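Asker: Provided below: model-v5.cif, containing mmCIF, C-alpha atoms.
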```cif
data_entry
loop_
_atom_site.label_atom_id
_atom_site.label_comp_id
_atom_site.auth_asym_id
_atom_site.auth_seq_id
_atom_site.Cartn_x
_atom_site.Cartn_y
_atom_site.Cartn_z
CA MET A 1 18.79 26.36 -8.32
CA ASN A 2 16.85 28.56 -5.94
CA SER A 3 19.23 30.19 -3.41
CA THR A 4 16.77 29.63 -0.53
CA ALA A 5 17.98 26.86 1.78
CA PHE A 6 16.53 23.38 1.11
CA THR A 7 16.16 21.29 4.25
CA ILE A 8 14.91 17.76 4.86
CA ARG A 9 13.45 16.52 8.14
CA PRO A 10 10.93 13.97 9.44
CA MET A 11 7.32 15.02 9.01
CA ARG A 12 5.18 15.89 11.98
CA ARG A 13 2.05 13.74 12.16
CA ASP A 14 -0.13 16.59 10.94
CA GLU A 15 2.13 16.99 7.90
CA VAL A 16 1.55 13.43 6.67
CA GLU A 17 -1.68 14.78 5.17
CA ILE A 18 0.48 16.82 2.77
CA ALA A 19 1.80 13.61 1.23
CA LEU A 20 -1.74 12.23 0.97
CA THR A 21 -2.99 15.41 -0.71
CA TRP A 22 -0.17 15.44 -3.23
CA ALA A 23 -0.67 11.73 -3.93
CA ALA A 24 -4.31 12.48 -4.71
CA GLN A 25 -3.24 15.22 -7.11
CA GLU A 26 -0.99 12.69 -8.86
CA GLY A 27 -4.01 10.44 -9.36
CA TRP A 28 -2.89 7.77 -6.87
CA ASN A 29 -6.20 7.91 -4.99
CA PRO A 30 -5.12 7.32 -1.37
CA GLY A 31 -7.53 6.23 1.35
CA GLN A 32 -9.32 8.88 3.35
CA HIS A 33 -7.74 7.75 6.63
CA ASP A 34 -4.40 6.40 5.42
CA ALA A 35 -2.20 9.08 6.98
CA LEU A 36 -2.33 7.98 10.61
CA CYS A 37 -2.08 4.31 9.63
CA TYR A 38 1.09 4.96 7.67
CA ALA A 39 2.54 7.03 10.49
CA ALA A 40 1.83 4.16 12.89
CA ALA A 41 4.10 1.93 10.81
CA ASP A 42 7.11 4.19 11.45
CA PRO A 43 6.63 7.65 13.01
CA ASP A 44 10.08 8.74 11.77
CA GLY A 45 9.74 7.31 8.28
CA PHE A 46 8.02 10.20 6.52
CA LEU A 47 10.37 12.91 5.26
CA ILE A 48 9.51 16.38 4.02
CA GLY A 49 11.68 18.71 1.98
CA LEU A 50 11.31 22.43 2.64
CA LEU A 51 12.51 25.33 0.54
CA GLY A 52 12.63 27.93 3.27
CA ASP A 53 9.29 27.31 4.96
CA GLU A 54 7.55 25.93 1.87
CA PRO A 55 7.01 22.16 1.61
CA ILE A 56 8.10 21.12 -1.88
CA ALA A 57 8.97 17.39 -1.61
CA THR A 58 7.85 14.28 0.27
CA ILE A 59 8.89 10.67 0.58
CA SER A 60 8.10 7.82 2.93
CA ALA A 61 10.82 5.43 4.02
CA VAL A 62 9.12 3.08 6.45
CA ARG A 63 11.61 0.96 8.39
CA TYR A 64 9.67 -2.05 9.61
CA ASP A 65 12.67 -3.58 11.36
CA GLU A 66 16.44 -3.84 10.86
CA THR A 67 16.03 -5.93 7.72
CA PHE A 68 13.20 -4.45 5.63
CA GLY A 69 11.92 -1.06 4.57
CA PHE A 70 9.56 0.33 1.97
CA ILE A 71 9.61 3.58 0.00
CA GLY A 72 6.54 5.50 -1.19
CA PHE A 73 5.09 8.97 -1.62
CA TYR A 74 8.12 10.13 -3.61
CA ILE A 75 6.70 13.41 -4.88
CA VAL A 76 8.15 16.81 -5.77
CA LYS A 77 5.77 19.70 -6.41
CA PRO A 78 5.54 20.09 -10.20
CA GLU A 79 7.01 23.60 -10.32
CA TYR A 80 10.16 22.41 -8.51
CA ARG A 81 10.89 19.28 -10.55
CA GLY A 82 14.15 18.99 -12.44
CA MET A 83 16.00 21.22 -9.96
CA GLY A 84 17.78 18.56 -7.90
CA TYR A 85 15.47 18.57 -4.90
CA GLY A 86 13.99 15.16 -5.65
CA ILE A 87 17.32 13.33 -5.66
CA GLN A 88 18.23 14.94 -2.34
CA ILE A 89 15.15 13.67 -0.53
CA TRP A 90 15.48 10.32 -2.33
CA ASN A 91 19.03 9.94 -1.03
CA ALA A 92 17.88 10.91 2.47
CA ALA A 93 15.28 8.11 2.35
CA LEU A 94 17.88 5.57 1.22
CA ALA A 95 20.21 6.70 4.01
CA TYR A 96 17.45 6.24 6.58
CA LEU A 97 16.90 2.67 5.33
CA LYS A 98 20.61 1.82 5.09
CA GLY A 99 21.21 -1.87 5.62
CA CYS A 100 17.64 -2.88 4.79
CA ASN A 101 16.29 -4.76 1.84
CA ILE A 102 14.12 -1.98 0.40
CA GLY A 103 10.94 -2.44 -1.60
CA LEU A 104 8.84 -0.04 -3.64
CA ASP A 105 6.00 0.04 -6.14
CA GLY A 106 7.10 2.46 -8.83
CA VAL A 107 5.43 3.62 -12.00
CA VAL A 108 6.66 1.46 -14.83
CA GLU A 109 8.27 4.32 -16.76
CA GLN A 110 10.57 5.06 -13.79
CA GLN A 111 12.02 1.54 -13.59
CA ALA A 112 15.31 2.56 -15.20
CA ASN A 113 15.80 5.39 -12.70
CA TYR A 114 15.16 3.09 -9.75
CA GLN A 115 17.62 0.57 -11.17
CA LYS A 116 20.32 3.24 -10.94
CA SER A 117 19.80 3.14 -7.15
CA GLY A 118 20.10 -0.65 -7.03
CA PHE A 119 16.44 -1.66 -7.34
CA GLN A 120 15.63 -4.72 -9.43
CA LEU A 121 12.25 -5.73 -10.86
CA ALA A 122 10.51 -8.59 -9.07
CA TYR A 123 7.07 -8.53 -10.74
CA SER A 124 4.28 -6.14 -11.67
CA HIS A 125 1.10 -5.09 -9.92
CA LEU A 126 -2.09 -4.23 -11.75
CA ARG A 127 -4.78 -1.93 -10.39
CA TYR A 128 -8.21 -3.21 -11.37
CA GLU A 129 -11.27 -1.00 -11.22
CA GLY A 130 -14.90 -2.08 -11.07
CA ARG A 131 -18.14 -1.08 -9.39
CA GLY A 132 -20.02 -2.21 -6.31
CA TYR A 133 -21.83 -5.49 -6.81
CA GLY A 134 -24.78 -5.12 -4.49
CA PRO A 135 -25.55 -7.30 -1.47
CA ALA A 136 -23.54 -10.52 -1.17
CA GLU A 137 -25.06 -13.89 -0.40
CA PRO A 138 -24.92 -14.69 3.35
CA ASP A 139 -21.74 -16.62 4.21
CA GLU A 140 -21.45 -18.01 7.73
CA ALA A 141 -17.70 -18.54 7.31
CA ILE A 142 -17.09 -14.80 6.94
CA VAL A 143 -16.80 -12.86 10.18
CA PRO A 144 -15.74 -9.36 11.23
CA LEU A 145 -12.04 -9.38 12.09
CA SER A 146 -12.90 -7.56 15.30
CA THR A 147 -14.54 -10.75 16.59
CA LEU A 148 -11.24 -12.65 16.42
CA PRO A 149 -8.28 -12.27 18.78
CA PHE A 150 -5.87 -9.72 17.34
CA GLU A 151 -3.04 -12.20 17.90
CA THR A 152 -4.77 -14.57 15.46
CA LEU A 153 -4.63 -11.90 12.76
CA VAL A 154 -0.99 -11.08 13.49
CA ALA A 155 -0.03 -14.75 13.21
CA TYR A 156 -1.96 -15.19 9.96
CA GLU A 157 -0.44 -12.04 8.42
CA GLN A 158 3.17 -13.01 9.16
CA PRO A 159 3.94 -15.05 5.99
CA PHE A 160 2.46 -12.36 3.72
CA PHE A 161 4.90 -9.56 4.57
CA PRO A 162 8.70 -9.53 4.91
CA ALA A 163 8.70 -8.04 8.43
CA PRO A 164 6.39 -7.63 11.42
CA ARG A 165 4.00 -4.66 11.20
CA VAL A 166 1.81 -5.05 14.25
CA ALA A 167 1.11 -1.36 14.99
CA PHE A 168 0.27 -0.69 11.36
CA LEU A 169 -1.96 -3.75 11.12
CA GLU A 170 -3.95 -2.69 14.16
CA ALA A 171 -4.45 0.83 12.78
CA TRP A 172 -5.23 -0.39 9.26
CA THR A 173 -7.96 -2.84 10.20
CA ARG A 174 -9.64 -0.36 12.56
CA GLN A 175 -9.84 2.72 10.32
CA PRO A 176 -13.08 4.73 10.40
CA ASN A 177 -15.72 3.66 7.87
CA THR A 178 -13.69 0.57 7.01
CA THR A 179 -14.81 -3.05 6.83
CA ALA A 180 -12.31 -5.76 7.80
CA LEU A 181 -13.42 -9.37 7.36
CA GLY A 182 -11.93 -12.80 7.93
CA ILE A 183 -12.96 -16.13 6.46
CA LEU A 184 -12.81 -19.33 8.49
CA ALA A 185 -12.12 -22.87 7.32
CA GLN A 186 -12.42 -25.69 9.84
CA GLY A 187 -12.50 -23.09 12.58
CA GLN A 188 -9.20 -21.49 11.54
CA LEU A 189 -8.56 -18.13 9.89
CA ALA A 190 -8.03 -18.91 6.20
CA GLY A 191 -7.99 -15.40 4.73
CA TYR A 192 -8.82 -11.81 5.43
CA GLY A 193 -9.47 -8.58 3.62
CA VAL A 194 -10.11 -4.88 4.18
CA ILE A 195 -12.12 -2.37 2.15
CA ARG A 196 -11.61 1.31 2.93
CA PRO A 197 -13.00 4.56 1.53
CA CYS A 198 -10.70 6.50 -0.78
CA LEU A 199 -10.96 9.93 -2.34
CA ASP A 200 -12.55 8.13 -5.29
CA GLY A 201 -14.53 5.04 -4.42
CA ASN A 202 -13.15 2.23 -2.26
CA LYS A 203 -10.06 0.03 -2.28
CA ILE A 204 -9.84 -3.58 -1.22
CA GLY A 205 -6.48 -4.32 0.31
CA PRO A 206 -5.10 -6.52 1.48
CA LEU A 207 -6.98 -9.56 0.24
CA TYR A 208 -5.28 -12.77 1.35
CA ALA A 209 -6.78 -16.24 1.13
CA GLU A 210 -5.71 -19.86 1.19
CA SER A 211 -7.48 -20.63 -2.09
CA ALA A 212 -9.05 -18.90 -5.06
CA GLU A 213 -12.50 -20.02 -3.89
CA LEU A 214 -12.03 -18.46 -0.46
CA GLY A 215 -10.56 -15.33 -2.05
CA GLU A 216 -13.62 -14.95 -4.27
CA ARG A 217 -16.02 -15.26 -1.35
CA LEU A 218 -14.10 -12.65 0.61
CA PHE A 219 -13.93 -10.36 -2.40
CA LEU A 220 -17.70 -10.46 -2.87
CA ALA A 221 -18.34 -9.82 0.83
CA LEU A 222 -16.01 -6.81 0.77
CA ALA A 223 -17.19 -5.41 -2.56
CA SER A 224 -20.78 -5.56 -1.32
CA GLN A 225 -19.90 -2.80 1.15
CA ALA A 226 -19.80 -0.35 -1.77
CA THR A 227 -22.92 0.83 -3.53
CA VAL A 228 -23.48 -0.27 -7.11
CA THR A 229 -22.46 3.19 -8.35
CA GLU A 230 -19.20 3.43 -6.35
CA ALA A 231 -15.83 2.50 -7.78
CA VAL A 232 -14.02 -0.49 -6.26
CA PHE A 233 -10.26 -0.94 -6.75
CA LEU A 234 -8.15 -4.05 -6.27
CA ASP A 235 -4.35 -4.13 -6.72
CA VAL A 236 -3.20 -7.61 -7.70
CA PRO A 237 0.18 -9.22 -8.38
CA GLU A 238 0.17 -9.91 -12.11
CA VAL A 239 1.96 -13.22 -11.46
CA ASN A 240 -1.08 -14.52 -9.54
CA SER A 241 -3.21 -15.76 -12.43
CA ALA A 242 -6.07 -16.65 -10.09
CA ALA A 243 -6.18 -13.07 -8.77
CA VAL A 244 -6.20 -11.67 -12.29
CA ALA A 245 -8.98 -14.12 -13.23
CA LEU A 246 -11.00 -13.08 -10.17
CA ALA A 247 -10.84 -9.40 -11.07
CA GLU A 248 -11.74 -10.04 -14.69
CA LYS A 249 -14.56 -12.44 -13.79
CA TYR A 250 -16.35 -9.54 -12.10
CA GLY A 251 -15.85 -7.09 -14.94
CA MET A 252 -12.94 -5.15 -13.48
CA THR A 253 -10.53 -3.48 -15.88
CA VAL A 254 -6.90 -2.40 -15.51
CA SER A 255 -6.52 1.31 -14.80
CA PHE A 256 -2.92 1.50 -13.57
CA GLY A 257 0.22 -0.56 -13.14
CA THR A 258 3.35 -0.53 -11.01
CA ALA A 259 6.67 -2.32 -10.84
CA ARG A 260 7.45 -4.05 -7.51
CA MET A 261 11.19 -3.72 -7.03
CA TYR A 262 13.69 -4.59 -4.28
CA THR A 263 17.30 -3.62 -3.63
CA GLN A 264 18.78 -6.85 -2.24
CA PHE A 265 16.48 -9.76 -3.06
CA GLU A 266 12.85 -10.63 -3.66
CA PRO A 267 11.30 -11.86 -0.39
CA GLU A 268 9.68 -15.28 -0.46
CA LEU A 269 6.02 -14.30 -0.26
CA PRO A 270 3.06 -16.60 -1.01
CA LEU A 271 2.05 -14.68 -4.12
CA ASP A 272 -0.45 -17.39 -5.07
CA ARG A 273 -2.40 -16.46 -1.92
CA ILE A 274 -2.12 -12.68 -2.34
CA PHE A 275 -5.23 -11.59 -4.23
CA GLY A 276 -4.84 -7.93 -3.32
CA VAL A 277 -1.85 -6.03 -1.88
CA THR A 278 -2.31 -3.68 1.03
CA SER A 279 -1.07 -0.50 -0.58
CA PHE A 280 1.35 0.68 -3.26
CA GLU A 281 2.69 3.23 -0.76
CA ILE A 282 3.35 0.95 2.19
CA GLY A 283 3.75 -2.55 0.75
#
```
Could I get this file's structure written as structure tokens?
Answerer:
Amino acid sequence: MNSTAFTIRPMRRDEVEIALTWAAQEGWNPGQHDALCYAAADPDGFLIGLLGDEPIATISAVRYDETFGFIGFYIVKPEYRGMGYGIQIWNAALAYLKGCNIGLDGVVEQQANYQKSGFQLAYSHLRYEGRGYGPAEPDEAIVPLSTLPFETLVAYEQPFFPAPRVAFLEAWTRQPNTTALGILAQGQLAGYGVIRPCLDGNKIGPLYAESAELGERLFLALASQATVTEAVFLDVPEVNSAAVALAEKYGMTVSFGTARMYTQFEPELPLDRIFGVTSFEIG
């Protein structure tokens, strides 16, 4: 163990970019403007581990309320792995979320390690990759989310996540260079989705809809925002067979997988209406 003091503290806002950069180096392909959105969810929930003045470890432990939190960005710089620093910042994150049901999306090969901390597998997520599909057919039911009252979006989102995340939702749907669309049925919001630029291509997430048909229409409208040569990613719950079928219908292939795990219990989410999760890092 290096004799230099190892300290852990909350990140400053400008340091959240460190976690994004390291995530990119791990091949996780974060969004170009994710950092401030994540910080909006919980300004105190991003931790950094410093060896002297050198950042060597990160983790996010976003506490949405007193009942639910989510862990992500658990990264130790490669040259400092296996030295005990990772478990220290991991334990600091768990301490910050004490009392919460905690969720995470972990790489499948780390499931056994997460189980040692009390996490249990709920289901798997699959990252599908495709390409832009060119202009979509006009669809009068699809509207920019910005044309709807924000309260309408907050109310629609509520069943899809275990806790309120109003500040995050506002930041997420209004990122630069991002398209956020809703789909209406009988004058009511019946689904919404966001596509944002990433370091490689674009990710759609979330993608929620009341039916597979509405989800497909939203998917095509969002995917059309990418050029035909740009990558498009969609992270789907493997248990939603309609979401898997949608991705495969449009030639997308699996490039990555994660294990969704929780410490206390699996929240009752409408997985049959979740065609794309928001983010592996934030839930």
Asker: So that I can check the surroundings of Tyr208 in chain A, please list as number ranges by chain every protein, DNA and RNA residue that reaches within 10 Å of it, counting all atoms listed in the file and ignoring chain neighbours fewer than 5 positions away.
Answerer: A: 156-157, 160, 182-183, 190-194, 214-215, 218-219, 270-278
Asker: Take the PyMOL selection byres ((chain A and resi 15) around 10), run it mentally on this structure, and tell me the resulting residues as a ChimeraX atom specification.
Answerer: /A:10-14,16-20,35,46-48,55,58
Asker: Would you mind exporting C-alpha atoms of the selected residues as a JSON list (two decimals), in the coordinates of the input?
Answerer:
```
[["chain", "number", "residue", "atom", "x", "y", "z"],
["A", 10, "PRO", "CA", 10.93, 13.97, 9.44],
["A", 11, "MET", "CA", 7.32, 15.02, 9.01],
["A", 12, "ARG", "CA", 5.18, 15.89, 11.98],
["A", 13, "ARG", "CA", 2.05, 13.74, 12.16],
["A", 14, "ASP", "CA", -0.13, 16.59, 10.94],
["A", 16, "VAL", "CA", 1.55, 13.43, 6.67],
["A", 17, "GLU", "CA", -1.68, 14.78, 5.17],
["A", 18, "ILE", "CA", 0.48, 16.82, 2.77],
["A", 19, "ALA", "CA", 1.80, 13.61, 1.23],
["A", 20, "LEU", "CA", -1.74, 12.23, 0.97],
["A", 35, "ALA", "CA", -2.20, 9.08, 6.98],
["A", 46, "PHE", "CA", 8.02, 10.20, 6.52],
["A", 47, "LEU", "CA", 10.37, 12.91, 5.26],
["A", 48, "ILE", "CA", 9.51, 16.38, 4.02],
["A", 55, "PRO", "CA", 7.01, 22.16, 1.61],
["A", 58, "THR", "CA", 7.85, 14.28, 0.27]]
```
Asker: Do you know which residues lie at most 9 Å from (-7.0, 5.4, 2.5), with coordinates as in the file and only C-alpha atoms counted, and could you write them as a list in words?
Answerer: Leu20, Asn29, Pro30, Gly31, Gln32, His33, Asp34, Ala35, Cys37, Gln175, Arg196, Pro197, Cys198, Leu199, Asn202, Lys203 and Ser279 of chain A
Asker: Using only C-alpha atoms, can you tell me which of A:Gly106, A:Tyr133, A:Glu213, A:Asp200 comes closest to Gln120 in chain A?
Answerer: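 Comparing A:Gly106, A:Tyr133, A:Glu213, A:Asp200 against Gln120 in chain A, the winner is A:Gly106.
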Asker: Need the shell around Gly86 in chain A: protein/DNA/RNA residues with any atom at most 9 Å away, counting only C-alpha atoms. Skip same-chain ones fewer than 4 positions apart. Format as a list in words?
Answerer: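 Within the cut-off, the hits are Gly49, Ala57, Thr58, Tyr74, Ile75, Val76, Tyr80, Arg81, Gly82, Trp90 and Asn91 of chain A.
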Asker: Select, from A:Phe265, A:Phe168, A:Tyr123, A:Phe150, the residue with the minimum atom-to-atom distance to Val236 in chain A, counting all atoms listed in the file.
Answerer: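 Of all the options, A:Tyr123 lies closest to Val236 in chain A.
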Asker: Would you compute the distance between CA of Asn113 in chain A and CA of Gly99 in chain A? Give it in Å to one decimal.
Answerer: 20.4 Å
Asker: List the residues selected by the PyMOL selection byres ((chain A and resi 245-252) around 7) in the file shown, writing them as an MDAnalysis selection string.
Answerer: chainID A and resid 128:130 216 241:244 253:254
Asker: Pull C-alpha atoms from the residues just selected and write them as a compact mmCIF listing (two decimals), keeping the file's coordinate frame.
Answerer:
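To be explicit, this is the file written out as result33.txt:
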```txt
# COMPACT_ATOMS: atom_id res chain seq x y z
CA TYR A 128 -8.21 -3.21 -11.37
CA GLU A 129 -11.27 -1.00 -11.22
CA GLY A 130 -14.90 -2.08 -11.07
CA GLU A 216 -13.62 -14.95 -4.27
CA SER A 241 -3.21 -15.76 -12.43
CA ALA A 242 -6.07 -16.65 -10.09
CA ALA A 243 -6.18 -13.07 -8.77
CA VAL A 244 -6.20 -11.67 -12.29
CA THR A 253 -10.53 -3.48 -15.88
CA VAL A 254 -6.90 -2.40 -15.51
```
Asker: Just checking: using only C-alpha atoms, which residue out of A:Gly201, A:Glu210, A:Val62, A:Ala163 ends up closest to Thr229 in chain A?
Answerer: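 Residue with the minimum atom-to-atom distance to Thr229 in chain A: A:Gly201.
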Asker: Pick the closest to Arg174 in chain A from A:Leu222, A:Ile56, A:Leu36, A:Leu104: which is it, counting all atoms listed in the file?
Answerer: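 So, comparing all the options, the nearest one is A:Leu36.
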